[in-house]
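> Input run-v1.cif, format and content: mmCIF, C-alpha atoms.
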data_run
#
loop_
_atom_site.label_atom_id
_atom_site.label_comp_id
_atom_site.auth_asym_id
_atom_site.auth_seq_id
_atom_site.Cartn_x
_atom_site.Cartn_y
_atom_site.Cartn_z
CA MET A 1285 21.47 46.06 -25.73
CA LYS A 1286 21.00 45.50 -22.01
CA ASN A 1287 24.01 44.09 -20.19
CA SER A 1288 23.04 40.56 -19.07
CA SER A 1289 25.38 40.83 -16.07
CA THR A 1290 23.14 43.51 -14.56
CA LYS A 1291 19.93 41.61 -15.15
CA LYS A 1292 18.06 40.92 -11.94
CA PRO A 1293 18.01 37.17 -11.18
CA ALA A 1294 14.62 35.51 -11.33
CA ALA A 1295 12.67 34.92 -8.15
CA LEU A 1296 9.94 32.42 -7.34
CA LYS A 1297 6.78 32.90 -5.35
CA TRP A 1298 5.01 29.71 -4.28
CA SER A 1299 2.01 28.42 -2.34
CA GLY A 1300 0.88 24.89 -1.51
CA CYS A 1301 -2.27 23.38 -0.05
CA SER A 1302 -3.61 19.86 0.51
CA ASP A 1303 -6.99 18.71 1.84
CA ILE A 1304 -8.33 15.28 2.73
CA GLY A 1305 -11.57 15.97 0.84
CA LYS A 1306 -15.12 14.99 1.76
CA VAL A 1307 -14.96 11.19 1.40
CA ARG A 1308 -11.54 9.73 2.21
CA LYS A 1309 -10.49 8.83 5.76
CA ASN A 1310 -6.82 9.75 5.31
CA ASN A 1311 -4.80 11.99 3.01
CA GLU A 1312 -2.61 9.99 0.62
CA ASP A 1313 -1.36 13.13 -1.15
CA SER A 1314 1.98 14.74 -0.33
CA PHE A 1315 3.72 17.86 -1.63
CA LEU A 1316 7.21 19.25 -1.26
CA GLY A 1317 9.18 22.44 -1.79
CA LEU A 1318 12.99 22.59 -1.55
CA GLN A 1319 15.74 25.08 -2.20
CA PHE A 1320 19.24 23.64 -2.43
CA ASP A 1321 22.80 23.88 -3.61
CA SER A 1322 25.61 21.31 -3.47
CA ARG A 1323 26.05 21.76 0.29
CA GLU A 1324 22.69 22.57 1.82
CA VAL A 1325 19.05 21.56 1.47
CA GLN A 1326 16.21 23.59 2.96
CA ARG A 1327 12.57 22.57 3.15
CA LEU A 1328 10.21 25.37 2.15
CA GLY A 1329 7.05 26.45 3.92
CA LYS A 1330 3.60 26.36 2.33
CA ILE A 1331 3.87 30.00 1.21
CA GLY A 1332 7.01 31.95 0.34
CA GLU A 1333 9.19 33.88 -2.08
CA ALA A 1334 12.94 33.65 -2.79
CA SER A 1335 15.60 34.57 -5.35
CA MET A 1336 17.13 31.98 -7.67
CA GLU A 1337 20.50 33.71 -7.76
CA LYS A 1338 22.44 31.06 -5.86
CA LYS A 1339 20.15 28.06 -5.37
CA ASP A 1340 17.96 25.67 -7.34
CA PHE A 1341 14.36 24.94 -6.37
CA THR A 1342 12.33 21.75 -6.58
CA PHE A 1343 8.59 21.28 -6.11
CA ALA A 1344 6.72 17.98 -6.26
CA VAL A 1345 3.32 16.40 -5.66
CA SER A 1346 2.54 12.71 -5.22
CA ASP A 1347 -0.65 10.70 -4.79
CA GLY A 1348 -0.24 7.37 -3.03
CA MET A 1349 -2.19 4.15 -3.43
CA GLY A 1350 -2.37 0.95 -1.43
CA GLY A 1351 -4.14 -0.81 1.41
CA ALA A 1352 -4.46 0.65 4.91
CA LEU A 1353 -1.89 3.46 5.22
CA ALA A 1354 0.39 2.14 2.45
CA GLY A 1355 -0.67 4.85 -0.01
CA GLU A 1356 0.00 7.63 2.46
CA TYR A 1357 3.39 6.11 3.29
CA ALA A 1358 4.28 5.70 -0.41
CA SER A 1359 3.73 9.36 -1.27
CA GLU A 1360 5.74 10.46 1.77
CA ILE A 1361 8.66 8.20 0.81
CA ALA A 1362 8.67 9.67 -2.70
CA VAL A 1363 9.04 13.26 -1.57
CA GLU A 1364 11.60 12.37 1.13
CA LYS A 1365 13.79 10.58 -1.42
CA ILE A 1366 13.85 13.75 -3.52
CA THR A 1367 15.29 15.64 -0.54
CA THR A 1368 18.34 13.37 -0.38
CA LEU A 1369 18.90 12.46 -4.04
CA LEU A 1370 18.31 15.55 -6.19
CA PRO A 1371 20.70 18.03 -4.50
CA ARG A 1372 23.62 15.84 -5.57
CA SER A 1373 22.99 17.08 -9.11
CA PHE A 1374 23.26 20.79 -8.29
CA GLY A 1375 26.75 21.00 -9.77
CA GLN A 1376 25.45 19.73 -13.09
CA SER A 1377 22.72 22.35 -13.20
CA ALA A 1378 25.24 25.08 -12.42
CA THR A 1379 27.19 24.21 -15.56
CA GLY A 1380 24.16 23.77 -17.81
CA LEU A 1381 21.97 20.69 -17.61
CA GLU A 1382 20.22 20.74 -20.97
CA ALA A 1383 21.86 17.52 -22.17
CA GLY A 1384 21.61 15.48 -18.97
CA PHE A 1385 18.51 16.46 -17.04
CA ALA A 1386 16.47 13.50 -18.35
CA ASP A 1387 19.12 11.05 -17.11
CA VAL A 1388 19.18 12.69 -13.67
CA LEU A 1389 15.39 12.60 -13.30
CA THR A 1390 15.08 9.07 -14.69
CA GLU A 1391 17.61 7.84 -12.12
CA LEU A 1392 15.78 9.70 -9.35
CA PHE A 1393 12.45 8.12 -10.29
CA GLY A 1394 14.13 4.73 -10.59
CA GLN A 1395 15.57 4.92 -7.09
CA ILE A 1396 12.20 5.90 -5.61
CA HIS A 1397 10.54 3.04 -7.50
CA ARG A 1398 13.05 0.49 -6.23
CA ALA A 1399 12.65 1.67 -2.63
CA LEU A 1400 8.86 1.38 -2.80
CA ALA A 1401 8.96 -2.01 -4.53
CA TYR A 1402 11.36 -3.36 -1.90
CA LEU A 1403 9.18 -2.19 1.00
CA GLY A 1404 6.05 -3.49 -0.71
CA SER A 1405 7.54 -6.96 -1.09
CA SER A 1406 9.12 -7.02 2.39
CA TYR A 1407 6.32 -5.87 4.67
CA GLU A 1408 2.71 -7.04 4.60
CA GLU A 1409 1.37 -3.61 5.59
CA CYS A 1410 3.17 -2.08 2.59
CA ALA A 1411 2.00 -4.64 0.02
CA GLY A 1412 0.84 -3.01 -3.20
CA MET A 1413 2.07 0.47 -2.27
CA GLN A 1414 2.37 2.78 -5.27
CA THR A 1415 2.47 6.50 -5.93
CA THR A 1416 2.29 9.04 -8.71
CA LEU A 1417 4.99 11.70 -8.83
CA SER A 1418 5.15 15.01 -10.68
CA LEU A 1419 8.27 17.11 -10.09
CA CYS A 1420 9.50 20.53 -11.24
CA TRP A 1421 13.17 21.52 -10.92
CA PHE A 1422 13.82 25.24 -11.40
CA THR A 1423 17.25 26.45 -12.49
CA PRO A 1424 18.03 29.92 -13.92
CA GLY A 1425 16.01 30.20 -17.14
CA TRP A 1426 14.76 26.60 -17.24
CA MET A 1427 12.26 24.35 -15.52
CA TYR A 1428 12.98 20.64 -15.87
CA PHE A 1429 10.20 18.20 -15.05
CA GLY A 1430 9.71 14.50 -14.44
CA HIS A 1431 6.39 12.71 -14.19
CA ILE A 1432 4.65 9.38 -13.82
CA GLY A 1433 0.98 8.66 -13.05
CA ASP A 1434 -2.03 10.97 -13.26
CA SER A 1435 -0.99 13.90 -11.12
CA ARG A 1436 -0.30 16.86 -13.39
CA ILE A 1437 1.98 19.81 -14.18
CA TYR A 1438 0.49 22.83 -15.98
CA HIS A 1439 2.13 25.92 -17.47
CA LEU A 1440 0.30 29.25 -17.77
CA PRO A 1441 2.49 31.68 -19.77
CA ALA A 1442 2.54 35.33 -18.72
CA LYS A 1443 1.13 36.63 -22.01
CA LYS A 1444 -1.55 33.99 -22.60
CA ASN A 1445 -4.75 32.94 -20.88
CA GLU A 1446 -4.56 29.38 -22.18
CA ILE A 1447 -3.16 26.87 -19.72
CA ARG A 1448 -1.12 23.97 -21.08
CA GLN A 1449 -0.82 20.54 -19.50
CA LEU A 1450 2.85 19.56 -19.73
CA THR A 1451 2.45 16.01 -18.43
CA HIS A 1452 0.63 13.03 -19.93
CA ASP A 1453 -1.86 11.16 -17.75
CA ASP A 1454 -0.70 7.55 -17.59
CA THR A 1455 -4.24 6.24 -18.17
CA HIS A 1456 -6.13 4.94 -21.19
CA VAL A 1457 -8.56 7.84 -20.82
CA GLY A 1458 -5.62 10.25 -20.94
CA TRP A 1459 -4.48 8.63 -24.18
CA LEU A 1460 -7.98 9.00 -25.66
CA PHE A 1461 -8.04 12.70 -24.73
CA ARG A 1462 -4.55 13.43 -26.10
CA ASN A 1463 -5.51 11.82 -29.39
CA GLY A 1464 -8.73 13.83 -29.74
CA GLN A 1465 -11.09 10.87 -29.32
CA ILE A 1466 -12.87 12.41 -26.31
CA ASN A 1467 -13.20 15.99 -25.06
CA GLU A 1468 -12.36 17.50 -21.66
CA ARG A 1469 -15.85 16.92 -20.25
CA GLU A 1470 -15.93 13.30 -21.42
CA ALA A 1471 -12.47 12.65 -19.96
CA ARG A 1472 -13.56 14.03 -16.58
CA THR A 1473 -16.64 11.80 -16.37
CA HIS A 1474 -15.24 8.63 -17.95
CA PRO A 1475 -15.76 5.61 -15.61
CA ARG A 1476 -12.15 4.40 -16.19
CA ARG A 1477 -10.43 7.76 -15.75
CA ASN A 1478 -8.68 6.75 -12.51
CA LEU A 1479 -7.25 3.41 -13.69
CA LEU A 1480 -3.49 3.96 -13.81
CA GLN A 1481 -1.26 2.22 -16.34
CA ARG A 1482 2.00 3.37 -14.72
CA ALA A 1483 3.12 4.39 -11.23
CA LEU A 1484 6.12 4.09 -8.90
CA GLY A 1485 6.24 0.94 -6.77
CA GLY A 1486 3.83 -1.98 -6.87
CA THR A 1487 4.61 -4.82 -9.25
CA ASN A 1488 5.77 -2.57 -12.10
CA GLN A 1489 9.11 -3.95 -13.31
CA PHE A 1490 10.35 -0.94 -15.27
CA VAL A 1491 10.01 2.79 -14.76
CA ASP A 1492 10.00 5.11 -17.77
CA PRO A 1493 9.04 8.58 -16.52
CA GLN A 1494 8.14 11.43 -18.82
CA ALA A 1495 10.82 14.13 -18.76
CA GLY A 1496 10.88 17.57 -20.34
CA ALA A 1497 12.17 21.13 -20.13
CA VAL A 1498 10.42 24.50 -20.37
CA GLY A 1499 11.98 27.95 -20.64
CA TYR A 1500 10.20 30.57 -18.57
CA GLU A 1501 9.94 34.33 -18.13
CA ALA A 1502 8.62 36.72 -15.49
CA GLY A 1503 4.87 36.36 -15.05
CA ASP A 1504 4.73 32.67 -15.94
CA ILE A 1505 2.84 30.38 -13.56
CA PHE A 1506 3.28 26.64 -13.01
CA LEU A 1507 0.74 24.41 -11.27
CA LEU A 1508 1.39 20.95 -9.86
CA CYS A 1509 -1.69 19.07 -8.66
CA THR A 1510 -3.19 15.67 -7.93
CA ASP A 1511 -6.19 14.30 -9.78
CA GLY A 1512 -8.47 15.32 -6.92
CA LEU A 1513 -8.01 18.98 -7.85
CA VAL A 1514 -8.73 18.36 -11.53
CA ASP A 1515 -11.93 16.52 -10.63
CA GLY A 1516 -13.48 19.76 -9.37
CA LEU A 1517 -12.08 22.37 -11.80
CA TYR A 1518 -12.23 22.96 -15.54
CA ASP A 1519 -9.24 24.61 -17.20
CA HIS A 1520 -10.88 28.03 -17.67
CA HIS A 1521 -11.79 28.17 -13.97
CA THR A 1522 -8.23 27.21 -13.03
CA VAL A 1523 -6.86 30.09 -15.13
CA GLU A 1524 -9.20 32.58 -13.43
CA LEU A 1525 -8.03 31.49 -9.99
CA LEU A 1526 -4.34 31.51 -10.94
CA ARG A 1527 -4.71 35.07 -12.26
CA GLY A 1528 -6.46 36.19 -9.05
CA LYS A 1529 -4.92 38.29 -6.28
CA ASN A 1530 -5.22 35.76 -3.46
CA PRO A 1531 -1.95 35.53 -1.45
CA SER A 1532 -2.30 31.72 -1.64
CA PRO A 1533 -3.48 30.69 -5.12
CA ALA A 1534 -3.10 27.05 -4.10
CA GLN A 1535 -5.58 27.51 -1.27
CA SER A 1536 -8.06 29.19 -3.64
CA LEU A 1537 -7.77 26.31 -6.12
CA VAL A 1538 -8.27 23.62 -3.48
CA ALA A 1539 -11.25 25.43 -1.92
CA ALA A 1540 -12.95 25.84 -5.32
CA SER A 1541 -12.32 22.20 -6.25
CA LEU A 1542 -13.70 20.96 -2.93
CA LYS A 1543 -16.82 23.05 -3.42
CA ASN A 1544 -17.48 21.36 -6.77
CA SER A 1545 -16.32 17.83 -5.92
CA GLY A 1546 -14.23 16.74 -2.92
CA ARG A 1547 -14.47 13.03 -3.72
CA ASP A 1548 -10.70 12.60 -3.43
CA ASN A 1549 -7.72 14.06 -1.61
CA THR A 1550 -7.02 17.42 -3.24
CA THR A 1551 -3.59 19.06 -3.56
CA ALA A 1552 -2.26 22.09 -5.43
CA LEU A 1553 1.20 23.64 -5.58
CA VAL A 1554 1.54 26.96 -7.47
CA ILE A 1555 4.86 28.53 -8.53
CA GLN A 1556 4.95 32.03 -9.99
CA ILE A 1557 8.00 33.56 -11.71
CA VAL A 1558 8.46 37.15 -10.41
#
Any chance you could put this one into structure tokens?

Amino acid sequence: MKNSSTKKPAALKWSGCSDIGKVRKNNEDSFLGLQFDSREVQRLGKIGEASMEKKDFTFAVSDGMGGALAGEYASEIAVEKITTLLPRSFGQSATGLEAGFADVLTELFGQIHRALAYLGSSYEECAGMQTTLSLCWFTPGWMYFGHIGDSRIYHLPAKKNEIRQLTHDDTHVGWLFRNGQINEREARTHPRRNLLQRALGGTNQFVDPQAGAVGYEAGDIFLLCTDGLVDGLYDHHTVELLRGKNPSPAQSLVAASLKNSGRDNTTALVIQIV
């Protein structure tokens, strides 16, 4: 039996890309990468690689909505709040977070929601501001995730070519698809596919984010993306691009999606376990 104390700690390789698309006048998508411990938080660049031996990592995407620049502002607030709130929980992850991760993420989403709701009710230019949020928190051996809206988190295991959507789209069309009433093609072309039932901010009184945990191994790939990316890519095409040799898989995904669609802001964030 191999001595676990000599096992090389996992490392992450990541890439992120966001594009305004062909139609919109401003980009309401935001994405974030952080590495942190209980004392220090460091923003990550769009492309990089680092060991998980001493620090946790968080990646997130958000897609804002609202009049004027309110949507753009909402998504930026969401990712900035993560920078200040999540590192406080590093100590819990260091001692094993399996029992409490959902509480931590639910509180995080609740604080972001309350901040957006307050701004939306206090300032006319922020009225109606809302955002989706999909977040992955990597600790040794586990990825914890929180989600609300119709941005997505996918998992592509090392030994499979079938990608799995971990998050549920908070739309009626998403519910129809999950329950087998429509197929992938029908879900993508449904006229009500972009009508959200839940988001952070706005007039929503309660926030009940989806939370989950996934064990991972070397070779696994995780994808966080906004609905603009999904609009231009089917799952099998996404798998081909994630398995490719491009130094920035996120850039490849966004470029391919824009070629096929580009009707919305388009964002991808890819994390590979190495």
> Just want the 7 Å neighbourhood of region 1546-1552 of chain A, counted on all atoms listed in the file, with same-chain residues fewer than 4 positions away dropped. Output as a ChimeraX atom specification.
/A:1300-1308,1311-1313,1507-1510,1512-1513,1534,1537-1538,1541-1542
> Suppose you want the space between CA of Gln1395 (chain A) and CA of Ile1361 (chain A); what is it in Å?
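Interatomic distance here is 11.0 Å.
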> With distances taken over only C-alpha atoms, which residue among A:Ser1299, A:Asn1463, A:Thr1451, A:Ser1406 lies nearest Pro1493 (chain A)?
A:Thr1451
> For the file shown, what are the residues hit by the PyMOL selection byres ((chain A and resi 1346-1355) around 9), laid out as a ChimeraX atom specification?
/A:1310-1316,1344-1345,1356-1360,1362-1363,1404,1409-1419,1433-1435,1486,1509-1511,1549,1551
> With only C-alpha atoms as the atoms that count, which of A:Ile1505, A:Val1498, A:Ile1555, A:Ala1401 lies nearest to Lys1444 (chain A)?
A:Ile1505
> Which residues, written as a list in words, have at least one atom at most 10 Å from Arg1462 (chain A), with only C-alpha atoms counted and residues fewer than 6 positions away on the same chain left out?
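With the cut-off at 10 Å, the set is His1452, Asp1453, His1456 and Glu1468 of chain A.
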> Write a file of the selected residues as a PDB file, in the frame of the given file, keeping C-alpha atoms.

ATOM      1  CA  HIS A1452       0.630  13.030 -19.930  1.00  0.00           C
ATOM      2  CA  ASP A1453      -1.860  11.160 -17.750  1.00  0.00           C
ATOM      3  CA  HIS A1456      -6.130   4.940 -21.190  1.00  0.00           C
ATOM      4  CA  GLU A1468     -12.360  17.500 -21.660  1.00  0.00           C
TER       5      GLU A1468
END
> Enclose region 1412-1418 of chain A, meaning all of its atoms listed in the file, in a box aligned along x, y and z, pad it by 6 Å on each side, and list the centre and edge lengths in Å to one decimal, as lines of an AutoDock Vina configuration file.

center_x = 3.0
center_y = 6.0
center_z = -6.5
size_x = 16.3
size_y = 30.0
size_z = 20.4
> Might you spell out which residues the PyMOL selection byres ((chain A and resi 1292-1295) around 7) would select in the displayed file, as a CSV table (one decimal) with C-alpha atoms, keeping the file's coordinate frame?

chain,number,residue,atom,x,y,z
A,1290,THR,CA,23.1,43.5,-14.6
A,1291,LYS,CA,19.9,41.6,-15.2
A,1296,LEU,CA,9.9,32.4,-7.3
A,1297,LYS,CA,6.8,32.9,-5.4
A,1334,ALA,CA,12.9,33.6,-2.8
A,1335,SER,CA,15.6,34.6,-5.4
A,1336,MET,CA,17.1,32.0,-7.7
A,1337,GLU,CA,20.5,33.7,-7.8
A,1557,ILE,CA,8.0,33.6,-11.7
A,1558,VAL,CA,8.5,37.2,-10.4
> Between CA of Arg1398 (chain A) and CA of Arg1477 (chain A), what is the distance, to one decimal in Å?
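Going from CA of Arg1398 (chain A) over to CA of Arg1477 (chain A), I get 26.4 Å.
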> What would the selection look like, as a CSV table (one decimal) with C-alpha atoms, in the coordinates of the input, if the PyMOL selection byres ((chain A and resi 1526) around 9) were run on the coordinates I just shared?

chain,number,residue,atom,x,y,z
A,1440,LEU,CA,0.3,29.2,-17.8
A,1505,ILE,CA,2.8,30.4,-13.6
A,1507,LEU,CA,0.7,24.4,-11.3
A,1521,HIS,CA,-11.8,28.2,-14.0
A,1522,THR,CA,-8.2,27.2,-13.0
A,1523,VAL,CA,-6.9,30.1,-15.1
A,1524,GLU,CA,-9.2,32.6,-13.4
A,1525,LEU,CA,-8.0,31.5,-10.0
A,1527,ARG,CA,-4.7,35.1,-12.3
A,1528,GLY,CA,-6.5,36.2,-9.0
A,1529,LYS,CA,-4.9,38.3,-6.3
A,1530,ASN,CA,-5.2,35.8,-3.5
A,1533,PRO,CA,-3.5,30.7,-5.1
A,1534,ALA,CA,-3.1,27.0,-4.1
A,1536,SER,CA,-8.1,29.2,-3.6
A,1537,LEU,CA,-7.8,26.3,-6.1
A,1554,VAL,CA,1.5,27.0,-7.5
